[in-house]
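J.: Next up is a structure, given as structure tokens.
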Amino acid sequence: MILVLLISILFIGGLLAWVSEIFDPALPRIVALVTVIVELLVMLTLLGATDSPDPAWLASINAAWMPRFGIGFHLAADGLSVLLLLLTAFLGIIAVGSAWNEITERVGFFYFNLLWTLAGVVGVFTALDLFLFFFFWEVMLIPMYFIIAIWGHENKNYAAMKFFIFTQVSGLLMLVSILVLAYFHYEQFGFFSFDYFDLLRVNTTGPLEMLVMLGFFIAFTTKLPSMPFHSWLPDAHSQAPTPGSVILAGVLLKTGAYGLIRFAVPLFPEASMQFAPVAMTLAAISILYCAKVAFAQTDIKRLIAYTSVSHMGFVLLGVYAWNEQALQGAVMTMLAHGLSAAALFMFAGGLQHRIHTRDMTQMGGFLAKVPRMATVALFFSIAALGMPGLGNFIGEFLALLGAFQASIWATVAAALGLVLASVYSLWVIQRVFHGAYRAEVGTAQFNESQLLDFDRREMVYYGLMMLGLVWMGMYPQPFLDLSAGTLQTLLENSRQLLAAVPN
Amino acid sequence: MLIVIATAIVLMLLIGIRRSYVGTSATAITGLLLATIVAAAMLPYTNQQVTPLLIVDQYSLFFTPIICALAMFIAILSFPYLFRLNDDKEEYYLLLTVATVGAIIMVSSNHFISTILGLETLSMALYGMVAYPLHCKESAKYPLEAAVKYLVLSAVATSFILFGMALLYAKTGTLAFSNVTTAHELEAGATYIGVTNIGPMQGLSDNYTIIALLLIIAGIAFKLSLAPFHMWTPDVYEGSPLPATAYLATVGKAAMFVVLLRFLEISDALAFDSVVTAFTLVASLSILVGNLLALLQDNLKRILAYSSIAHMGYLLIAVIASQYLAGTISVEAVTFYLIAYVIMTLGAFGVASVISSSEKEFDEVSDYRGLFWREPWLAGIFTAMLLSLAGIPLTVGFIGKFYLVLAGVESGLWVLLGVLVVGSGIGLYYYLRIVYRMLLPQRDAFAYREAGIESLSSYGVLALLLLLLVVLGIYPTPLMTLIQSVAAVI
């Protein structure tokens, strides 16, 4: 029941936030903040929960929904889900915080969309019925579309449309795949089922398996994103309002990785193993290519967006290496990148909110003017480049370590990405904060008086995220323990399935 | 008992016709409402042939209340729309009820004669509805052009159908729908089970039958506005007054599709490969042409016209699938999608007609700029309808698409499914374009409200449609079960 509660809190909170605007325009943000904090607290109770008949799951619920097709309302959470749920709620708080002063128009509707997006994400992380999963997968899109299309920047229509069409079309491919899989189940067992555990037993073979797996793969890697399906991301990010970027980078991208770990590989172990070299190559190309492209950007948000793609390459690499270390690394990267990318987008958004430009050629020498902002940016930049002691390092290191056992060449290539990462990360810092101060040189086109340092409220959010990253970097064991159970089960299952396949 | 039902329906409609004065609209609405209730109440009981011409089985009884309800909704929506029309307004409701009688005959026909009767009753009344605001200058732009175009082309289509029927009659010796592959006589009143067994040929060859079938199919495709027989659709949609467009797009299409489905199921026409090929081509063309051309439109009615072409193409996928599937899944898919389609199409046209009136129609996409902030409820309903047309979850359109894809997957129609995915992707663009337009800030204070009159009942209809859209999108199980039992009949 706890999981139903988690989803309904957000749905109801969203509606309340919308309605509360009638009474006072300042009310929605408070309602939204309370909602996400309650959400986080309820999630924390999940950690010790035994709300499931199956001890492998911390909480679950399974009710009939559309019995005609064996579709159930099946939600369940294990260690992996809980980690990502916590990330979702935490970044939810951060996103509400970053919207606090930035969103001034149609406030109620904004928080409504924000909370419904989060509700969709929570649904995705807990759904164990593939129909339900797809349902939530799409539910998180529409409010996100609205967030970009209404509160976005100058080119928002194009960006929102591109985002929606990319994810929707790839989603349709996944729907076809899900249905094919359900049909296989029907042929083999005589009844329709969309339940995860039923579908795991389906014996898929032959070329069709590969095609069906690709349906899932394309949907998830579009979301992740990875080459060659990444081109929506820089546009969506650069046009989205700051809270939109935070949610997009921090949480929405992780649903793609989660989908790969939970569904794409376990459901089709054989096809996935055959496909792994291709996927890992794509990951390596993604890492290197997008790091290089990032270097060529002048728009700070686009730059961070490309680095996101590059970092998610490590996740893809880790998932398709499919051993425990690599998977642990992928999960850690998801968590750490969730925080660091969210923080960087928040920083970029904050900067844009102040000086109304994202163009780095217009910036320079800000260090003297806004020291706190410079420090924060430096911290998250070196976190992103994988400095030991911070969460990203643990994730990327483990991912590479695991991947090395699977494919040496892809790993070597991917590791070069770390070098590029430090180049572009420090380059940003240099461009924005060092050098001569633009206003003094006289080339600045922004209003200097607007360039204010982070205030105390903002520092609290950044502080929380820093704390999270340091914790992950210094003592990652609790996180690793939490996800270990899930990952071992997944690995064991696929090993058995692979062993059962006659070669 | 059955005759009573049939006459009751017709009688109630007649009452609606008699008192064609001030209370016409109210009477028509009440009559239609009663018909809806009676027909719905009859659903569990009946399964019988009424005269050789009409069959009253659960499938027709399932669609009868739907058609009556749709007609009622459109009547309610027409009321404020026509309120200020400087002309006699009463006959409009007469036409509407007559058209509904035709549609009901169509859904309960399993005989060529009754099909043609119903079809012509429906079309004749529709010509009148399309041309209705003829004498008003500022009304819908080209009612006469639309009506004439529709009249001529639809007459041609009918003649195609008639010719095909005549040819089939020569082959089978009966005007009742019958299995054309075996050409055996069917006992009147029996329930038909379409079993695929190609028996010995009698006299005329297969090719002959195929030509006859293709003629009928071409005619029907014309009425359903499937590509490449779609040319009339955008013009007629654009030219007619909005409630008439809505009627044409929902009742007209749904009734025709039921006939098509019944005909194909009984005649087993899909056993011929060339017929399947023809359908596949028509379906893919409709999806692609409909979606691609909709991209180029700036007029809301034309966009919806092209999107309806695409939707008819989607529906055909399930029809084709019925050939490969033993169970009733494809009939269920078609039925469910038809329901979804009429809900969302009526909703979309409903919003447009609430905004417009017979004096001034707001049907350019740019007219909808800022609607979200001016009329949040209307815009919200419109958005929901458009998202449903695009097949986004939480709406009934998604469940409908789910059904279609399921039917397609089961029968392995990979090419058509590919076309469906591409088509839906393109479709998203023009649906979202409208949504985006509504989200833009308002430019100036448009003289919107002055045109129409506020009518609470229209809002009620729209709210009801929205409720249906969402409830069926989230919990469709009751409807699924109902359709499952109903579909078993066909």
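Residue numbering restarts at 1 for every chain of the structure tokens, chains are lettered A, B, ... in their displayed order, and ligands are numbered from 1 as they appear.
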Please find the residues of chain A near chain B - the criterion being any atom within 8 Å, counting only C-alpha atoms - and write them as a list of chain:residue names.

T.: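 Residues of chain A within 8 Å of chain B, counting only C-alpha atoms: A:Trp65, A:Met66, A:Pro67, A:Arg68, A:Phe135, A:Glu138, A:Val139, A:Ala149, A:Ile150, A:Asn157, A:Met161, A:Ile165, A:Gln168, A:Val169, A:Leu172, A:Leu173, A:Val176, A:Leu179, A:Val180, A:Tyr183.
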
J.: Could you write those residues out with N, CA and C atoms, as a CSV table (one decimal), in the first residue's frame?

T.:
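Heads up, here's the output in again.csv:
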chain,number,residue,atom,x,y,z
A,65,TRP,N,-6.3,-5.2,-13.0
A,65,TRP,CA,-6.7,-3.9,-13.6
A,65,TRP,C,-7.5,-4.2,-14.8
A,66,MET,N,-6.9,-4.9,-15.8
A,66,MET,CA,-7.7,-5.2,-17.0
A,66,MET,C,-7.5,-6.7,-17.2
A,67,PRO,N,-8.3,-7.5,-16.5
A,67,PRO,CA,-8.1,-8.9,-16.5
A,67,PRO,C,-8.2,-9.6,-17.9
A,68,ARG,N,-8.9,-8.9,-18.8
A,68,ARG,CA,-9.1,-9.4,-20.1
A,68,ARG,C,-7.7,-9.7,-20.8
A,135,PHE,N,2.5,2.8,-19.2
A,135,PHE,CA,1.6,3.8,-18.8
A,135,PHE,C,2.3,5.0,-18.1
A,138,GLU,N,4.7,7.1,-20.2
A,138,GLU,CA,4.1,8.1,-21.0
A,138,GLU,C,3.6,9.2,-20.1
A,139,VAL,N,3.1,8.9,-18.9
A,139,VAL,CA,2.5,9.9,-18.0
A,139,VAL,C,3.5,10.9,-17.7
A,149,ALA,N,7.2,23.7,-22.8
A,149,ALA,CA,6.5,24.5,-23.8
A,149,ALA,C,6.0,25.8,-23.2
A,150,ILE,N,5.7,25.8,-21.9
A,150,ILE,CA,5.1,27.0,-21.4
A,150,ILE,C,6.2,27.9,-20.7
A,157,ASN,N,9.2,26.0,-28.4
A,157,ASN,CA,8.3,25.1,-29.1
A,157,ASN,C,9.0,24.0,-29.8
A,161,MET,N,8.6,20.1,-28.7
A,161,MET,CA,8.1,19.2,-29.7
A,161,MET,C,9.1,18.1,-30.0
A,165,ILE,N,8.3,14.2,-29.4
A,165,ILE,CA,8.3,13.2,-30.6
A,165,ILE,C,9.3,12.1,-30.4
A,168,GLN,N,8.2,9.8,-27.6
A,168,GLN,CA,6.9,9.2,-27.9
A,168,GLN,C,7.1,8.1,-29.0
A,169,VAL,N,7.8,8.4,-30.0
A,169,VAL,CA,7.9,7.4,-31.1
A,169,VAL,C,8.7,6.2,-30.6
A,172,LEU,N,6.5,4.1,-28.6
A,172,LEU,CA,5.6,3.3,-29.4
A,172,LEU,C,6.3,2.0,-29.8
A,173,LEU,N,7.6,2.1,-30.2
A,173,LEU,CA,8.3,0.9,-30.6
A,173,LEU,C,8.4,0.0,-29.4
A,176,VAL,N,5.1,-1.8,-29.0
A,176,VAL,CA,5.0,-2.9,-29.9
A,176,VAL,C,5.8,-4.1,-29.4
A,179,LEU,N,4.0,-5.8,-26.5
A,179,LEU,CA,2.9,-6.6,-27.0
A,179,LEU,C,3.3,-7.9,-27.6
A,180,VAL,N,4.4,-7.8,-28.4
A,180,VAL,CA,5.0,-9.0,-29.0
A,180,VAL,C,5.3,-10.0,-27.9
A,183,TYR,N,2.4,-11.5,-26.4
A,183,TYR,CA,1.9,-12.5,-27.3
A,183,TYR,C,2.6,-13.8,-27.3

J.: So that I can see what lies close to A:Arg431, please list as a ChimeraX atom specification the residues with an atom at most 9 Å from it, counting only C-alpha atoms and leaving out residues fewer than 6 positions away in the same chain.

T.: /A:360-361,363-365

J.: Write out, as a CSV table (one decimal), in the first residue's frame, the residues just selected, with C-alpha atoms.

T.:
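Result file is again-v5.csv:
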chain,number,residue,atom,x,y,z
A,360,MET,CA,29.7,31.9,-22.5
A,361,THR,CA,31.4,34.2,-24.8
A,363,MET,CA,30.9,35.8,-19.6
A,364,GLY,CA,34.2,36.0,-17.8
A,365,GLY,CA,35.8,37.0,-14.6

J.: Considering only C-alpha atoms, return as a PDB file with N, CA and C atoms, in the first residue's frame whatever protein or nucleic-acid residues lie within 6 Å of stretch 9-19 of chain A, sequence-local ones (same chain, fewer than 2 positions apart) excluded.

T.:
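As a result, out.pdb now contains:
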ATOM      1  N   LEU A   5       0.479   4.889  -1.971  1.00  0.00           N
ATOM      2  CA  LEU A   5       0.510   6.142  -1.238  1.00  0.00           C
ATOM      3  C   LEU A   5       1.521   7.094  -1.874  1.00  0.00           C
ATOM      4  N   LEU A   6       2.714   6.536  -2.170  1.00  0.00           N
ATOM      5  CA  LEU A   6       3.781   7.364  -2.738  1.00  0.00           C
ATOM      6  C   LEU A   6       3.315   8.052  -4.017  1.00  0.00           C
ATOM      7  N   ILE A   7       2.640   7.289  -4.862  1.00  0.00           N
ATOM      8  CA  ILE A   7       2.220   7.878  -6.132  1.00  0.00           C
ATOM      9  C   ILE A   7       1.074   8.853  -5.921  1.00  0.00           C
ATOM     10  N   GLU A  21      -3.687  27.954  -6.089  1.00  0.00           N
ATOM     11  CA  GLU A  21      -3.339  29.215  -6.722  1.00  0.00           C
ATOM     12  C   GLU A  21      -4.501  30.207  -6.668  1.00  0.00           C
ATOM     13  N   ILE A  22      -5.717  29.649  -6.633  1.00  0.00           N
ATOM     14  CA  ILE A  22      -6.892  30.525  -6.601  1.00  0.00           C
ATOM     15  C   ILE A  22      -6.871  31.412  -5.360  1.00  0.00           C
ATOM     16  N   PRO A  28       1.031  27.790  -4.060  1.00  0.00           N
ATOM     17  CA  PRO A  28       1.392  26.544  -4.743  1.00  0.00           C
ATOM     18  C   PRO A  28       2.785  26.043  -4.399  1.00  0.00           C
ATOM     19  N   VAL A  31       2.747  24.393  -1.055  1.00  0.00           N
ATOM     20  CA  VAL A  31       2.080  23.094  -1.150  1.00  0.00           C
ATOM     21  C   VAL A  31       3.022  22.079  -1.787  1.00  0.00           C
ATOM     22  N   THR A  35       4.580  18.731  -0.201  1.00  0.00           N
ATOM     23  CA  THR A  35       4.302  17.448  -0.846  1.00  0.00           C
ATOM     24  C   THR A  35       5.580  16.640  -1.044  1.00  0.00           C
ATOM     25  N   GLY A 108       0.544  27.872 -10.233  1.00  0.00           N
ATOM     26  CA  GLY A 108      -0.163  26.660  -9.825  1.00  0.00           C
ATOM     27  C   GLY A 108      -0.013  25.557 -10.846  1.00  0.00           C
ATOM     28  N   PHE A 109      -0.202  25.927 -12.107  1.00  0.00           N
ATOM     29  CA  PHE A 109      -0.125  24.927 -13.160  1.00  0.00           C
ATOM     30  C   PHE A 109       1.286  24.378 -13.276  1.00  0.00           C
ATOM     31  N   PHE A 112       1.806  21.847 -10.544  1.00  0.00           N
ATOM     32  CA  PHE A 112       0.988  20.693 -10.913  1.00  0.00           C
ATOM     33  C   PHE A 112       1.769  19.794 -11.880  1.00  0.00           C
ATOM     34  N   LEU A 115       4.891  18.114 -10.174  1.00  0.00           N
ATOM     35  CA  LEU A 115       4.582  16.983  -9.282  1.00  0.00           C
ATOM     36  C   LEU A 115       4.056  15.793 -10.073  1.00  0.00           C
ATOM     37  N   TRP A 116       3.316  16.048 -11.138  1.00  0.00           N
ATOM     38  CA  TRP A 116       2.817  14.918 -11.925  1.00  0.00           C
ATOM     39  C   TRP A 116       3.949  14.232 -12.681  1.00  0.00           C
ATOM     40  N   ALA A 119       5.377  12.049 -10.207  1.00  0.00           N
ATOM     41  CA  ALA A 119       4.514  10.895  -9.965  1.00  0.00           C
ATOM     42  C   ALA A 119       4.726   9.842 -11.044  1.00  0.00           C
TER      43      ALA A 119
END

J.: Check the DSSP output for the backbone and give back, as a ChimeraX atom specification, the residues of stretch 12-212 of chain A in alpha helix (DSSP H).

T.: /A:12-20,27-46,79-99,107-126,130-139,141-151,156-189,196-200,206-212

J.: If we count only C-alpha atoms, what is near stretch 351-354 of chain B at a cut-off of 9 Å, once residues fewer than 5 positions away on the same chain are taken out, given as a compact mmCIF listing (two decimals) with N, CA and C atoms, in the first residue's frame?

T.:
# COMPACT_ATOMS: atom_id res chain seq x y z
N LEU B 77 -25.28 20.19 -28.79
CA LEU B 77 -24.26 21.14 -29.19
C LEU B 77 -24.77 22.08 -30.28
N SER B 78 -25.69 21.57 -31.12
CA SER B 78 -26.19 22.40 -32.21
C SER B 78 -27.05 23.54 -31.69
N PRO B 80 -27.02 25.85 -29.19
CA PRO B 80 -26.48 27.22 -29.13
C PRO B 80 -25.85 27.64 -30.44
N TYR B 81 -25.34 26.68 -31.18
CA TYR B 81 -24.67 27.02 -32.44
C TYR B 81 -25.64 27.67 -33.42
N PRO B 241 -21.23 23.38 -41.54
CA PRO B 241 -21.29 23.92 -40.18
C PRO B 241 -20.77 22.89 -39.19
N LEU B 242 -20.18 23.34 -38.11
CA LEU B 242 -19.46 22.44 -37.21
C LEU B 242 -20.26 21.25 -36.70
N PRO B 243 -21.51 21.45 -36.23
CA PRO B 243 -22.23 20.27 -35.74
C PRO B 243 -22.44 19.23 -36.84
N LEU B 300 -8.39 24.16 -38.57
CA LEU B 300 -8.63 23.10 -37.61
C LEU B 300 -9.47 21.98 -38.21
N LYS B 301 -10.54 22.37 -38.94
CA LYS B 301 -11.42 21.35 -39.50
C LYS B 301 -10.68 20.49 -40.50
N LEU B 346 -15.80 13.72 -31.40
CA LEU B 346 -16.93 14.56 -31.01
C LEU B 346 -16.46 15.62 -30.01
N GLU B 361 -17.50 31.16 -37.45
CA GLU B 361 -16.83 29.94 -37.02
C GLU B 361 -15.37 30.25 -36.73
N PHE B 362 -14.89 29.71 -35.63
CA PHE B 362 -13.47 29.87 -35.34
C PHE B 362 -12.79 28.56 -35.65
N ASP B 363 -12.27 28.47 -36.83
CA ASP B 363 -11.69 27.17 -37.19
C ASP B 363 -10.27 27.29 -37.72
N LEU B 378 -12.32 24.72 -21.37
CA LEU B 378 -12.47 24.32 -22.77
C LEU B 378 -11.15 23.87 -23.34
N ALA B 379 -10.11 24.64 -23.07
CA ALA B 379 -8.80 24.30 -23.60
C ALA B 379 -8.31 22.98 -23.02
N ILE B 381 -10.18 20.49 -22.05
CA ILE B 381 -10.91 19.41 -22.72
C ILE B 381 -10.35 19.19 -24.11
N PHE B 382 -10.10 20.29 -24.81
CA PHE B 382 -9.57 20.19 -26.17
C PHE B 382 -8.22 19.48 -26.15
N GLY B 452 -21.21 33.37 -30.03
CA GLY B 452 -22.13 32.31 -29.65
C GLY B 452 -22.92 32.70 -28.42
N ILE B 453 -23.78 31.81 -27.98
CA ILE B 453 -24.41 32.05 -26.70
C ILE B 453 -23.96 30.96 -25.75
N GLU B 454 -23.86 31.33 -24.51
CA GLU B 454 -23.43 30.37 -23.51
C GLU B 454 -24.51 29.32 -23.35
N SER B 455 -24.13 28.10 -23.29
CA SER B 455 -25.12 27.09 -23.03
C SER B 455 -24.52 26.08 -22.07
N SER B 458 -24.16 22.46 -23.30
CA SER B 458 -23.03 22.11 -24.16
C SER B 458 -21.81 21.78 -23.32
N TYR B 459 -21.60 22.61 -22.30
CA TYR B 459 -20.48 22.34 -21.41
C TYR B 459 -20.66 21.00 -20.72
N LEU B 462 -19.61 18.31 -23.05
CA LEU B 462 -18.16 18.23 -23.15
C LEU B 462 -17.56 17.61 -21.90

J.: Hey, what's within 7 Å of A:Leu288 if we count only C-alpha atoms and toss same-chain stuff fewer than 3 positions away? As a ChimeraX atom specification, please?

T.: /A:284-285,291-292,310,414,417

J.: Mind dumping the selected residues with C-alpha atoms as a CSV table (one decimal), in the first residue's frame?

T.:
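Writing the result to again.csv gives the following:
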chain,number,residue,atom,x,y,z
A,284,ALA,CA,32.2,4.4,-25.9
A,285,ILE,CA,31.4,6.5,-28.9
A,291,ALA,CA,32.6,15.1,-24.7
A,292,LYS,CA,34.1,16.5,-27.8
A,310,SER,CA,28.8,11.6,-22.2
A,414,ALA,CA,35.7,5.0,-22.6
A,417,GLY,CA,36.5,10.2,-21.8

J.: Residues within 8 Å of stretch 192-198 of chain A, please, as a list in words. Count only C-alpha atoms; anything in the same chain fewer than 2 positions from it doesn't count.

T.: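 So, after excluding close chain neighbours, the residues are Arg68, Phe69, Gly70, Ile71, Gly72, His74, Leu128, Asp129, Leu130, Phe131, Ile178, Ala182, Tyr183, His185, Tyr186, Gly190, Leu200, Arg201 and Val202 of chain A.
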
J.: Nearest residue to A:Leu451 out of A:Leu132, A:Ile103, A:Ala127, A:Ile355, using only C-alpha atoms?

T.: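 Of all the options, A:Ile355 lies closest to A:Leu451.
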